[in-house]
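Structure file data_37.pdb (PDB, C-alpha atoms, pLDDT in the B column) follows.
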```pdb
MODEL        1
ATOM      1  CA  MET A   1     -17.071 -50.775  25.513  1.00 94.00           C
ATOM      2  CA  ILE A   2     -19.608 -49.803  28.127  1.00 96.00           C
ATOM      3  CA  VAL A   3     -19.407 -46.213  29.325  1.00 97.00           C
ATOM      4  CA  THR A   4     -20.970 -44.772  32.462  1.00 97.00           C
ATOM      5  CA  THR A   5     -23.017 -41.750  31.435  1.00 98.00           C
ATOM      6  CA  THR A   6     -25.638 -39.429  32.795  1.00 97.00           C
ATOM      7  CA  LYS A   7     -28.133 -41.692  31.010  1.00 97.00           C
ATOM      8  CA  GLY A   8     -26.806 -44.834  32.649  1.00 96.00           C
ATOM      9  CA  GLU A   9     -24.472 -47.388  31.118  1.00 97.00           C
ATOM     10  CA  MET A  10     -24.211 -47.046  27.348  1.00 97.00           C
ATOM     11  CA  ASP A  11     -22.264 -48.722  24.590  1.00 97.00           C
ATOM     12  CA  ASP A  12     -19.639 -46.360  23.257  1.00 96.00           C
ATOM     13  CA  SER A  13     -20.687 -47.132  19.686  1.00 97.00           C
ATOM     14  CA  LEU A  14     -23.741 -44.968  20.340  1.00 97.00           C
ATOM     15  CA  LEU A  15     -21.625 -42.024  21.451  1.00 98.00           C
ATOM     16  CA  GLU A  16     -19.140 -39.587  19.996  1.00 98.00           C
ATOM     17  CA  MET A  17     -15.824 -39.614  21.865  1.00 98.00           C
ATOM     18  CA  ARG A  18     -13.729 -36.473  22.154  1.00 98.00           C
ATOM     19  CA  GLN A  19     -10.316 -36.374  23.804  1.00 98.00           C
ATOM     20  CA  GLY A  20      -7.844 -33.651  24.621  1.00 97.00           C
ATOM     21  CA  SER A  21      -4.778 -32.897  26.645  1.00 97.00           C
ATOM     22  CA  VAL A  22      -2.723 -30.117  28.152  1.00 96.00           C
ATOM     23  CA  ASP A  23       0.974 -30.532  28.817  1.00 97.00           C
ATOM     24  CA  ASN A  24       2.881 -27.830  30.624  1.00 94.00           C
ATOM     25  CA  GLU A  25       5.655 -27.611  33.198  1.00 90.00           C
ATOM     26  CA  ASP A  26       3.274 -28.225  36.077  1.00 90.00           C
ATOM     27  CA  GLU A  27       0.952 -30.950  34.863  1.00 94.00           C
ATOM     28  CA  LEU A  28      -0.047 -33.338  32.115  1.00 97.00           C
ATOM     29  CA  THR A  29      -3.804 -33.425  31.855  1.00 98.00           C
ATOM     30  CA  THR A  30      -5.872 -35.630  29.586  1.00 98.00           C
ATOM     31  CA  TRP A  31      -9.635 -35.789  29.343  1.00 98.00           C
ATOM     32  CA  THR A  32     -12.134 -38.019  27.633  1.00 98.00           C
ATOM     33  CA  GLU A  33     -15.644 -36.927  26.803  1.00 98.00           C
ATOM     34  CA  TYR A  34     -18.588 -38.823  25.361  1.00 98.00           C
ATOM     35  CA  TRP A  35     -21.361 -36.960  23.638  1.00 98.00           C
ATOM     36  CA  LEU A  36     -24.858 -38.105  22.789  1.00 97.00           C
ATOM     37  CA  LEU A  37     -25.835 -35.838  19.938  1.00 94.00           C
ATOM     38  CA  ASP A  38     -25.198 -32.390  21.430  1.00 95.00           C
ATOM     39  CA  GLU A  39     -25.298 -33.471  25.068  1.00 97.00           C
ATOM     40  CA  LEU A  40     -22.219 -34.178  27.175  1.00 98.00           C
ATOM     41  CA  VAL A  41     -22.964 -37.433  29.008  1.00 98.00           C
ATOM     42  CA  HIS A  42     -19.525 -38.385  30.316  1.00 98.00           C
ATOM     43  CA  ARG A  43     -16.314 -36.554  31.136  1.00 98.00           C
ATOM     44  CA  SER A  44     -13.306 -38.056  32.905  1.00 98.00           C
ATOM     45  CA  VAL A  45     -10.053 -36.265  33.626  1.00 98.00           C
ATOM     46  CA  HIS A  46      -6.589 -37.492  34.549  1.00 98.00           C
ATOM     47  CA  VAL A  47      -4.192 -34.893  35.950  1.00 98.00           C
ATOM     48  CA  THR A  48      -0.573 -35.901  36.517  1.00 97.00           C
ATOM     49  CA  LEU A  49       1.304 -33.425  38.674  1.00 95.00           C
ATOM     50  CA  LYS A  50       4.898 -33.074  37.510  1.00 92.00           C
ATOM     51  CA  LYS A  51       6.312 -31.297  40.507  1.00 78.00           C
ATOM     52  CA  SER A  52       5.372 -29.770  43.771  1.00 69.00           C
ATOM     53  CA  PRO A  53       4.237 -26.200  43.355  1.00 53.00           C
ATOM     54  CA  THR A  54       6.267 -23.499  45.003  1.00 44.00           C
ATOM     55  CA  PHE A  55       4.730 -22.709  48.331  1.00 43.00           C
ATOM     56  CA  VAL A  56       4.896 -19.057  49.218  1.00 35.00           C
ATOM     57  CA  GLY A  57       7.411 -18.912  52.016  1.00 38.00           C
ATOM     58  CA  GLY A  58       7.095 -22.606  52.536  1.00 40.00           C
ATOM     59  CA  GLU A  59       9.431 -24.398  50.205  1.00 42.00           C
ATOM     60  CA  THR A  60      12.654 -23.158  51.660  1.00 45.00           C
ATOM     61  CA  ALA A  61      13.358 -22.773  55.325  1.00 43.00           C
ATOM     62  CA  ILE A  62      15.869 -19.997  55.924  1.00 42.00           C
ATOM     63  CA  PHE A  63      18.232 -20.952  58.674  1.00 41.00           C
TER      64      PHE A  63
ATOM     65  CA  MET B   1      37.864 -28.996  58.647  1.00 68.00           C
ATOM     66  CA  ALA B   2      35.472 -26.189  59.306  1.00 73.00           C
ATOM     67  CA  ASN B   3      32.090 -26.022  60.813  1.00 68.00           C
ATOM     68  CA  THR B   4      29.091 -24.819  58.867  1.00 66.00           C
ATOM     69  CA  GLN B   5      25.836 -23.692  60.348  1.00 67.00           C
ATOM     70  CA  SER B   6      22.726 -25.368  59.012  1.00 69.00           C
ATOM     71  CA  MET B   7      19.493 -26.937  60.023  1.00 71.00           C
ATOM     72  CA  CYS B   8      20.192 -30.666  59.957  1.00 76.00           C
ATOM     73  CA  THR B   9      18.531 -32.549  57.132  1.00 79.00           C
ATOM     74  CA  SER B  10      17.810 -35.466  59.424  1.00 82.00           C
ATOM     75  CA  PHE B  11      15.873 -33.055  61.617  1.00 80.00           C
ATOM     76  CA  MET B  12      13.661 -32.024  58.738  1.00 80.00           C
ATOM     77  CA  GLY B  13      12.888 -35.641  58.049  1.00 82.00           C
ATOM     78  CA  GLN B  14      12.085 -36.148  61.690  1.00 84.00           C
ATOM     79  CA  LEU B  15       9.723 -33.172  61.564  1.00 88.00           C
ATOM     80  CA  LEU B  16       7.746 -34.919  58.846  1.00 86.00           C
ATOM     81  CA  ASN B  17       7.615 -37.945  61.116  1.00 83.00           C
ATOM     82  CA  GLY B  18       6.538 -35.963  64.172  1.00 85.00           C
ATOM     83  CA  GLY B  19       9.795 -36.589  65.976  1.00 80.00           C
ATOM     84  CA  HIS B  20      10.177 -33.221  67.674  1.00 83.00           C
ATOM     85  CA  GLN B  21       7.854 -31.118  69.778  1.00 80.00           C
ATOM     86  CA  PHE B  22       9.091 -27.626  70.624  1.00 77.00           C
ATOM     87  CA  GLY B  23       5.802 -26.362  71.913  1.00 80.00           C
ATOM     88  CA  THR B  24       2.604 -27.651  73.361  1.00 81.00           C
ATOM     89  CA  ILE B  25      -0.108 -28.829  71.029  1.00 80.00           C
ATOM     90  CA  THR B  26      -3.274 -30.789  71.508  1.00 85.00           C
ATOM     91  CA  LEU B  27      -2.979 -34.090  69.719  1.00 82.00           C
ATOM     92  CA  VAL B  28      -5.197 -37.069  69.189  1.00 87.00           C
ATOM     93  CA  SER B  29      -3.447 -40.021  70.771  1.00 85.00           C
ATOM     94  CA  ARG B  30      -1.195 -42.028  68.494  1.00 85.00           C
ATOM     95  CA  THR B  31      -1.634 -45.021  70.774  1.00 85.00           C
ATOM     96  CA  SER B  32       1.966 -45.256  71.944  1.00 86.00           C
ATOM     97  CA  LEU B  33       4.428 -42.528  72.872  1.00 83.00           C
ATOM     98  CA  THR B  34       7.428 -44.608  71.906  1.00 86.00           C
ATOM     99  CA  ALA B  35       6.017 -46.337  68.827  1.00 86.00           C
ATOM    100  CA  PRO B  36       3.210 -44.086  67.611  1.00 85.00           C
ATOM    101  CA  THR B  37       0.926 -45.027  64.763  1.00 87.00           C
ATOM    102  CA  LYS B  38       0.822 -43.025  61.547  1.00 90.00           C
ATOM    103  CA  ASP B  39      -1.853 -40.394  61.144  1.00 91.00           C
ATOM    104  CA  SER B  40      -4.420 -40.661  58.375  1.00 93.00           C
ATOM    105  CA  PHE B  41      -4.624 -38.046  55.655  1.00 95.00           C
ATOM    106  CA  LYS B  42      -7.410 -37.105  53.292  1.00 97.00           C
ATOM    107  CA  ALA B  43      -7.760 -35.130  50.075  1.00 97.00           C
ATOM    108  CA  ALA B  44     -10.664 -32.765  49.457  1.00 97.00           C
ATOM    109  CA  LEU B  45     -11.429 -30.920  46.219  1.00 97.00           C
ATOM    110  CA  TYR B  46     -12.293 -27.235  46.074  1.00 97.00           C
ATOM    111  CA  LEU B  47     -14.088 -25.033  43.596  1.00 96.00           C
ATOM    112  CA  ALA B  48     -12.081 -22.631  41.496  1.00 95.00           C
ATOM    113  CA  SER B  49     -14.028 -19.873  43.231  1.00 95.00           C
ATOM    114  CA  ALA B  50     -12.961 -20.968  46.736  1.00 95.00           C
ATOM    115  CA  THR B  51     -10.269 -19.419  48.900  1.00 94.00           C
ATOM    116  CA  ILE B  52      -7.953 -22.189  50.004  1.00 92.00           C
ATOM    117  CA  ASN B  53      -4.350 -21.172  50.499  1.00 89.00           C
ATOM    118  CA  ALA B  54      -1.421 -20.991  52.897  1.00 86.00           C
ATOM    119  CA  ALA B  55      -3.669 -19.385  55.483  1.00 89.00           C
ATOM    120  CA  THR B  56      -5.946 -22.434  55.571  1.00 91.00           C
ATOM    121  CA  THR B  57      -5.504 -24.122  58.935  1.00 91.00           C
ATOM    122  CA  VAL B  58      -8.107 -26.863  58.860  1.00 93.00           C
ATOM    123  CA  TYR B  59     -10.343 -28.717  56.419  1.00 96.00           C
ATOM    124  CA  THR B  60     -13.465 -26.754  55.628  1.00 96.00           C
ATOM    125  CA  ALA B  61     -16.604 -27.617  53.711  1.00 97.00           C
ATOM    126  CA  THR B  62     -16.818 -24.009  52.552  1.00 96.00           C
ATOM    127  CA  GLY B  63     -15.942 -23.929  48.888  1.00 97.00           C
ATOM    128  CA  GLU B  64     -15.629 -27.710  48.670  1.00 97.00           C
ATOM    129  CA  VAL B  65     -17.032 -29.362  45.572  1.00 98.00           C
ATOM    130  CA  THR B  66     -20.418 -31.030  45.761  1.00 98.00           C
ATOM    131  CA  GLY B  67     -21.966 -33.470  43.401  1.00 98.00           C
ATOM    132  CA  THR B  68     -23.123 -37.000  42.754  1.00 97.00           C
ATOM    133  CA  GLY B  69     -20.683 -39.591  44.059  1.00 97.00           C
ATOM    134  CA  TYR B  70     -18.543 -37.130  46.001  1.00 98.00           C
ATOM    135  CA  THR B  71     -18.514 -37.344  49.787  1.00 98.00           C
ATOM    136  CA  ALA B  72     -17.767 -34.200  51.772  1.00 98.00           C
ATOM    137  CA  GLY B  73     -14.254 -34.421  53.149  1.00 98.00           C
ATOM    138  CA  GLY B  74     -12.912 -36.170  50.090  1.00 98.00           C
ATOM    139  CA  ILE B  75     -11.021 -39.437  49.961  1.00 98.00           C
ATOM    140  CA  ALA B  76      -8.272 -41.147  51.915  1.00 98.00           C
ATOM    141  CA  VAL B  77      -4.678 -40.547  50.913  1.00 97.00           C
ATOM    142  CA  THR B  78      -2.577 -43.687  50.532  1.00 97.00           C
ATOM    143  CA  ASN B  79       0.519 -43.303  52.680  1.00 95.00           C
ATOM    144  CA  ALA B  80       2.760 -46.329  52.303  1.00 94.00           C
ATOM    145  CA  THR B  81       6.030 -44.476  51.784  1.00 92.00           C
ATOM    146  CA  VAL B  82       7.703 -42.859  54.765  1.00 91.00           C
ATOM    147  CA  PRO B  83       9.293 -39.399  54.426  1.00 93.00           C
ATOM    148  CA  THR B  84      12.857 -39.210  53.148  1.00 93.00           C
ATOM    149  CA  ALA B  85      15.608 -36.801  54.171  1.00 92.00           C
ATOM    150  CA  THR B  86      18.628 -36.312  51.900  1.00 92.00           C
ATOM    151  CA  ASN B  87      21.675 -34.063  52.096  1.00 89.00           C
ATOM    152  CA  SER B  88      22.604 -32.294  48.897  1.00 81.00           C
ATOM    153  CA  SER B  89      25.701 -30.686  50.429  1.00 82.00           C
ATOM    154  CA  ALA B  90      27.211 -29.888  53.805  1.00 79.00           C
ATOM    155  CA  THR B  91      24.877 -26.931  54.097  1.00 76.00           C
ATOM    156  CA  ALA B  92      21.756 -27.995  52.304  1.00 83.00           C
ATOM    157  CA  GLY B  93      19.280 -30.793  52.251  1.00 88.00           C
ATOM    158  CA  VAL B  94      15.686 -31.656  51.686  1.00 89.00           C
ATOM    159  CA  ALA B  95      13.075 -33.752  53.438  1.00 89.00           C
ATOM    160  CA  TYR B  96      10.177 -34.859  51.307  1.00 91.00           C
ATOM    161  CA  TRP B  97       7.071 -36.999  51.112  1.00 93.00           C
ATOM    162  CA  THR B  98       4.546 -37.918  48.450  1.00 94.00           C
ATOM    163  CA  PRO B  99       1.383 -40.015  48.689  1.00 95.00           C
ATOM    164  CA  SER B 100       2.112 -43.492  47.419  1.00 96.00           C
ATOM    165  CA  ALA B 101      -0.899 -43.741  45.107  1.00 97.00           C
ATOM    166  CA  SER B 102      -2.963 -41.523  42.862  1.00 98.00           C
ATOM    167  CA  LEU B 103      -6.016 -39.776  44.269  1.00 98.00           C
ATOM    168  CA  VAL B 104      -8.993 -41.258  42.437  1.00 98.00           C
ATOM    169  CA  TYR B 105     -12.544 -39.913  42.691  1.00 98.00           C
ATOM    170  CA  THR B 106     -14.555 -42.604  40.966  1.00 98.00           C
ATOM    171  CA  THR B 107     -17.855 -42.050  39.147  1.00 97.00           C
ATOM    172  CA  VAL B 108     -18.598 -38.529  40.223  1.00 98.00           C
ATOM    173  CA  THR B 109     -20.359 -35.584  38.695  1.00 98.00           C
ATOM    174  CA  LEU B 110     -18.755 -32.287  39.638  1.00 98.00           C
ATOM    175  CA  ALA B 111     -20.471 -29.728  37.472  1.00 97.00           C
ATOM    176  CA  THR B 112     -18.903 -26.600  38.906  1.00 97.00           C
ATOM    177  CA  ALA B 113     -15.282 -25.968  37.977  1.00 97.00           C
ATOM    178  CA  PHE B 114     -12.705 -27.017  40.562  1.00 97.00           C
ATOM    179  CA  ASP B 115      -8.953 -26.564  40.577  1.00 95.00           C
ATOM    180  CA  THR B 116      -7.606 -27.364  44.024  1.00 94.00           C
ATOM    181  CA  VAL B 117      -6.967 -30.273  46.335  1.00 95.00           C
ATOM    182  CA  LEU B 118      -6.373 -29.832  50.064  1.00 93.00           C
ATOM    183  CA  ILE B 119      -4.360 -32.489  51.859  1.00 93.00           C
ATOM    184  CA  TYR B 120      -5.260 -32.611  55.519  1.00 94.00           C
ATOM    185  CA  ASN B 121      -4.659 -34.714  58.607  1.00 93.00           C
ATOM    186  CA  SER B 122      -7.926 -36.433  59.439  1.00 93.00           C
ATOM    187  CA  THR B 123      -6.464 -37.992  62.583  1.00 91.00           C
ATOM    188  CA  GLN B 124      -5.373 -34.692  64.074  1.00 91.00           C
ATOM    189  CA  SER B 125      -8.634 -32.768  63.964  1.00 90.00           C
ATOM    190  CA  ASN B 126      -8.515 -32.246  60.176  1.00 93.00           C
ATOM    191  CA  THR B 127      -5.545 -29.897  60.337  1.00 92.00           C
ATOM    192  CA  ALA B 128      -4.419 -28.618  56.952  1.00 92.00           C
ATOM    193  CA  VAL B 129      -1.185 -29.877  55.402  1.00 91.00           C
ATOM    194  CA  SER B 130      -0.878 -28.498  51.883  1.00 90.00           C
ATOM    195  CA  VAL B 131      -2.789 -26.974  48.996  1.00 90.00           C
ATOM    196  CA  HIS B 132      -2.187 -27.956  45.384  1.00 91.00           C
ATOM    197  CA  THR B 133      -3.727 -26.394  42.314  1.00 92.00           C
ATOM    198  CA  PHE B 134      -4.147 -27.625  38.738  1.00 93.00           C
ATOM    199  CA  GLY B 135      -5.997 -26.602  35.623  1.00 94.00           C
ATOM    200  CA  SER B 136      -9.702 -26.028  36.245  1.00 96.00           C
ATOM    201  CA  GLN B 137     -11.870 -29.103  35.574  1.00 97.00           C
ATOM    202  CA  THR B 138     -15.393 -30.463  35.624  1.00 98.00           C
ATOM    203  CA  ILE B 139     -16.416 -34.118  35.713  1.00 98.00           C
ATOM    204  CA  THR B 140     -19.575 -35.627  34.240  1.00 98.00           C
ATOM    205  CA  ALA B 141     -20.460 -39.168  35.344  1.00 98.00           C
ATOM    206  CA  GLY B 142     -16.768 -39.906  35.210  1.00 98.00           C
ATOM    207  CA  THR B 143     -13.589 -40.329  37.186  1.00 98.00           C
ATOM    208  CA  PHE B 144     -11.148 -37.695  38.311  1.00 98.00           C
ATOM    209  CA  THR B 145      -7.636 -39.035  38.790  1.00 98.00           C
ATOM    210  CA  LEU B 146      -4.859 -36.965  40.316  1.00 98.00           C
ATOM    211  CA  THR B 147      -1.526 -38.695  39.880  1.00 98.00           C
ATOM    212  CA  MET B 148       1.223 -37.603  42.206  1.00 96.00           C
ATOM    213  CA  PRO B 149       4.581 -36.232  41.080  1.00 95.00           C
ATOM    214  CA  ALA B 150       7.696 -38.361  41.443  1.00 94.00           C
ATOM    215  CA  ASN B 151       8.737 -38.724  45.055  1.00 94.00           C
ATOM    216  CA  GLY B 152      12.108 -36.995  44.674  1.00 92.00           C
ATOM    217  CA  THR B 153      14.096 -34.107  46.070  1.00 89.00           C
ATOM    218  CA  THR B 154      12.856 -31.597  43.499  1.00 88.00           C
ATOM    219  CA  THR B 155       9.434 -32.966  42.661  1.00 91.00           C
ATOM    220  CA  ALA B 156       7.859 -34.492  45.763  1.00 92.00           C
ATOM    221  CA  LEU B 157       4.488 -33.207  46.853  1.00 92.00           C
ATOM    222  CA  LEU B 158       5.805 -31.970  50.203  1.00 90.00           C
ATOM    223  CA  ARG B 159       9.336 -30.639  50.525  1.00 89.00           C
ATOM    224  CA  LEU B 160      11.191 -28.982  53.376  1.00 87.00           C
ATOM    225  CA  ALA B 161      14.530 -27.654  52.228  1.00 86.00           C
ATOM    226  CA  THR B 162      17.547 -25.700  53.311  1.00 82.00           C
ATOM    227  CA  THR B 163      19.731 -23.837  50.876  1.00 75.00           C
TER     228      THR B 163
ENDMDL
END
```
Please express the file's structure as structure tokens.
Amino acid sequence: MIVTTTKGEMDDSLLEMRQGSVDNEDELTTWTEYWLLDELVHRSVHVTLKKSPTFVGGETAIF
Amino acid sequence: MANTQSMCTSFMGQLLNGGHQFGTITLVSRTSLTAPTKDSFKAALYLASATINAATTVYTATGEVTGTGYTAGGIAVTNATVPTATNSSATAGVAYWTPSASLVYTTVTLATAFDTVLIYNSTQSNTAVSVHTFGSQTITAGTFTLTMPANGTTTALLRLATT
């Protein structure tokens, strides 16, 4: 697979892929990194918001 | 039967659609008074060190991310789903709206940590709509995708509610 990197387009076989995620009540976040030796050359992130945050004084209108 | 005081849920939905005007405000023309066009909205990203909050009234470039592939002002918000207003009881209801597609910043490098997106009305002089935060991120020659929550009464991105 071809990956866009800071060095241009590279085949992923030349790179080390690292992935991670965070899952909490507010968001599910996953990221994918590609490393060329010790250099980070690509990082993409996908954040999925699970709910609207509570707006201070804004979520509920008091009538 | 008894009467119960409440702000009407339908009214809250109409607020999200611009259906009431209690005061005077300077607006950019929506072409027709009786069948106005929808406004356009945009989404800008802000550094974790910025100060974007409930007091923000208009889009600002101060504190906005900069980097390869990112255009100041951010990207367009897809708005194909009209606001919904739903009663949960005789005294409570909620009006809500969520962008109809993920916000996708494609092939960008954002080296300084960011954690906030500002939704603003680019038709109406860039007036601020809402601020949403998430875990701090950086992007390197990659894509940042912000997927919206479910467009429901308890999860939608924008909610006006009575209790």
Handout entry: Exercise answer, chain B residues close to chain A, 7 Å and only C-alpha atoms, as a list in words
Key =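 Here they are: Ser6, Met7, His132, Ile139, Thr140, Ala141, Gly142, Thr143, Phe144, Thr145, Leu146, Thr147, Met148, Pro149, Thr155, Ala156, Leu157, Leu158, Arg159, Leu160, Ala161 and Thr162 of chain B.
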Practice task
Measure the distance from atom CA of B:Thr163 to atom CA of B:Gln21 in Å and round it to one decimal.
Solution key: 23.5 Å
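In this model, the gap between atom CA of B:Ala85 and atom CA of B:Arg30 comes to 22.7 Å.
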Problem - Residues near stretch 111-126 of chain B, cut-off 6 Å, only C-alpha atoms, skip fewer than 3 positions along chain, as an MDAnalysis selection string - result: chainID B and resid 28 39:48 58:59 129:138
Handout entry: Straight-line distance linking atom CA of B:Asn53 with atom CA of B:Thr71, stated in Å to one decimal
Key = 21.5 Å
With the input short on atoms, add N, CA and C atoms back to stretch 62-87 of chain B and write it as a PDB file, in the coordinates of the input.
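Result file is selection_9.pdb:
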```pdb
ATOM      1  N   THR B  62     -16.558 -25.230  53.316  1.00 96.00           N
ATOM      2  CA  THR B  62     -16.818 -24.009  52.552  1.00 96.00           C
ATOM      3  C   THR B  62     -15.973 -24.003  51.286  1.00 96.00           C
ATOM      4  N   GLY B  63     -16.642 -23.947  50.163  1.00 97.00           N
ATOM      5  CA  GLY B  63     -15.942 -23.929  48.888  1.00 97.00           C
ATOM      6  C   GLY B  63     -15.601 -25.309  48.364  1.00 97.00           C
ATOM      7  N   GLU B  64     -15.909 -26.343  49.130  1.00 97.00           N
ATOM      8  CA  GLU B  64     -15.629 -27.710  48.670  1.00 97.00           C
ATOM      9  C   GLU B  64     -16.598 -28.089  47.545  1.00 97.00           C
ATOM     10  N   VAL B  65     -16.150 -28.928  46.649  1.00 98.00           N
ATOM     11  CA  VAL B  65     -17.032 -29.362  45.572  1.00 98.00           C
ATOM     12  C   VAL B  65     -18.198 -30.166  46.152  1.00 98.00           C
ATOM     13  N   THR B  66     -19.290 -30.165  45.434  1.00 98.00           N
ATOM     14  CA  THR B  66     -20.418 -31.030  45.761  1.00 98.00           C
ATOM     15  C   THR B  66     -20.894 -31.661  44.466  1.00 98.00           C
ATOM     16  N   GLY B  67     -21.446 -32.830  44.588  1.00 98.00           N
ATOM     17  CA  GLY B  67     -21.966 -33.470  43.401  1.00 98.00           C
ATOM     18  C   GLY B  67     -22.184 -34.950  43.630  1.00 98.00           C
ATOM     19  N   THR B  68     -22.825 -35.569  42.673  1.00 97.00           N
ATOM     20  CA  THR B  68     -23.123 -37.000  42.754  1.00 97.00           C
ATOM     21  C   THR B  68     -21.842 -37.812  42.894  1.00 97.00           C
ATOM     22  N   GLY B  69     -21.808 -38.690  43.884  1.00 97.00           N
ATOM     23  CA  GLY B  69     -20.683 -39.591  44.059  1.00 97.00           C
ATOM     24  C   GLY B  69     -19.542 -39.031  44.878  1.00 97.00           C
ATOM     25  N   TYR B  70     -19.612 -37.743  45.203  1.00 98.00           N
ATOM     26  CA  TYR B  70     -18.543 -37.130  46.001  1.00 98.00           C
ATOM     27  C   TYR B  70     -19.012 -36.981  47.438  1.00 98.00           C
ATOM     28  N   THR B  71     -18.205 -37.459  48.366  1.00 98.00           N
ATOM     29  CA  THR B  71     -18.514 -37.344  49.787  1.00 98.00           C
ATOM     30  C   THR B  71     -17.743 -36.182  50.386  1.00 98.00           C
ATOM     31  N   ALA B  72     -18.437 -35.338  51.133  1.00 98.00           N
ATOM     32  CA  ALA B  72     -17.767 -34.200  51.772  1.00 98.00           C
ATOM     33  C   ALA B  72     -16.577 -34.695  52.584  1.00 98.00           C
ATOM     34  N   GLY B  73     -15.477 -33.997  52.466  1.00 98.00           N
ATOM     35  CA  GLY B  73     -14.254 -34.421  53.149  1.00 98.00           C
ATOM     36  C   GLY B  73     -13.284 -35.112  52.217  1.00 98.00           C
ATOM     37  N   GLY B  74     -13.802 -35.573  51.089  1.00 98.00           N
ATOM     38  CA  GLY B  74     -12.912 -36.170  50.090  1.00 98.00           C
ATOM     39  C   GLY B  74     -12.587 -37.620  50.350  1.00 98.00           C
ATOM     40  N   ILE B  75     -11.415 -38.026  49.904  1.00 98.00           N
ATOM     41  CA  ILE B  75     -11.021 -39.437  49.961  1.00 98.00           C
ATOM     42  C   ILE B  75      -9.731 -39.607  50.761  1.00 98.00           C
ATOM     43  N   ALA B  76      -9.486 -40.838  51.164  1.00 98.00           N
ATOM     44  CA  ALA B  76      -8.272 -41.147  51.915  1.00 98.00           C
ATOM     45  C   ALA B  76      -7.040 -41.063  51.017  1.00 98.00           C
ATOM     46  N   VAL B  77      -5.969 -40.583  51.606  1.00 97.00           N
ATOM     47  CA  VAL B  77      -4.678 -40.547  50.913  1.00 97.00           C
ATOM     48  C   VAL B  77      -3.899 -41.808  51.288  1.00 97.00           C
ATOM     49  N   THR B  78      -3.384 -42.495  50.272  1.00 97.00           N
ATOM     50  CA  THR B  78      -2.577 -43.687  50.532  1.00 97.00           C
ATOM     51  C   THR B  78      -1.177 -43.261  50.949  1.00 97.00           C
ATOM     52  N   ASN B  79      -0.765 -43.730  52.110  1.00 95.00           N
ATOM     53  CA  ASN B  79       0.519 -43.303  52.680  1.00 95.00           C
ATOM     54  C   ASN B  79       1.339 -44.530  53.059  1.00 95.00           C
ATOM     55  N   ALA B  80       1.962 -45.129  52.058  1.00 94.00           N
ATOM     56  CA  ALA B  80       2.760 -46.329  52.303  1.00 94.00           C
ATOM     57  C   ALA B  80       4.256 -46.043  52.265  1.00 94.00           C
ATOM     58  N   THR B  81       4.609 -44.816  51.910  1.00 92.00           N
ATOM     59  CA  THR B  81       6.030 -44.476  51.784  1.00 92.00           C
ATOM     60  C   THR B  81       6.395 -43.444  52.835  1.00 92.00           C
ATOM     61  N   VAL B  82       7.324 -43.771  53.683  1.00 91.00           N
ATOM     62  CA  VAL B  82       7.703 -42.859  54.765  1.00 91.00           C
ATOM     63  C   VAL B  82       8.490 -41.681  54.191  1.00 91.00           C
ATOM     64  N   PRO B  83       8.511 -40.551  54.890  1.00 93.00           N
ATOM     65  CA  PRO B  83       9.293 -39.399  54.426  1.00 93.00           C
ATOM     66  C   PRO B  83      10.774 -39.745  54.303  1.00 93.00           C
ATOM     67  N   THR B  84      11.423 -39.023  53.388  1.00 93.00           N
ATOM     68  CA  THR B  84      12.857 -39.210  53.148  1.00 93.00           C
ATOM     69  C   THR B  84      13.576 -37.900  53.418  1.00 93.00           C
ATOM     70  N   ALA B  85      14.774 -37.986  53.959  1.00 92.00           N
ATOM     71  CA  ALA B  85      15.608 -36.801  54.171  1.00 92.00           C
ATOM     72  C   ALA B  85      16.966 -37.053  53.530  1.00 92.00           C
ATOM     73  N   THR B  86      17.391 -36.122  52.672  1.00 92.00           N
ATOM     74  CA  THR B  86      18.628 -36.312  51.900  1.00 92.00           C
ATOM     75  C   THR B  86      19.463 -35.045  51.923  1.00 92.00           C
ATOM     76  N   ASN B  87      20.754 -35.198  52.188  1.00 89.00           N
ATOM     77  CA  ASN B  87      21.675 -34.063  52.096  1.00 89.00           C
ATOM     78  C   ASN B  87      22.108 -33.870  50.651  1.00 89.00           C
TER      79      ASN B  87
END
```
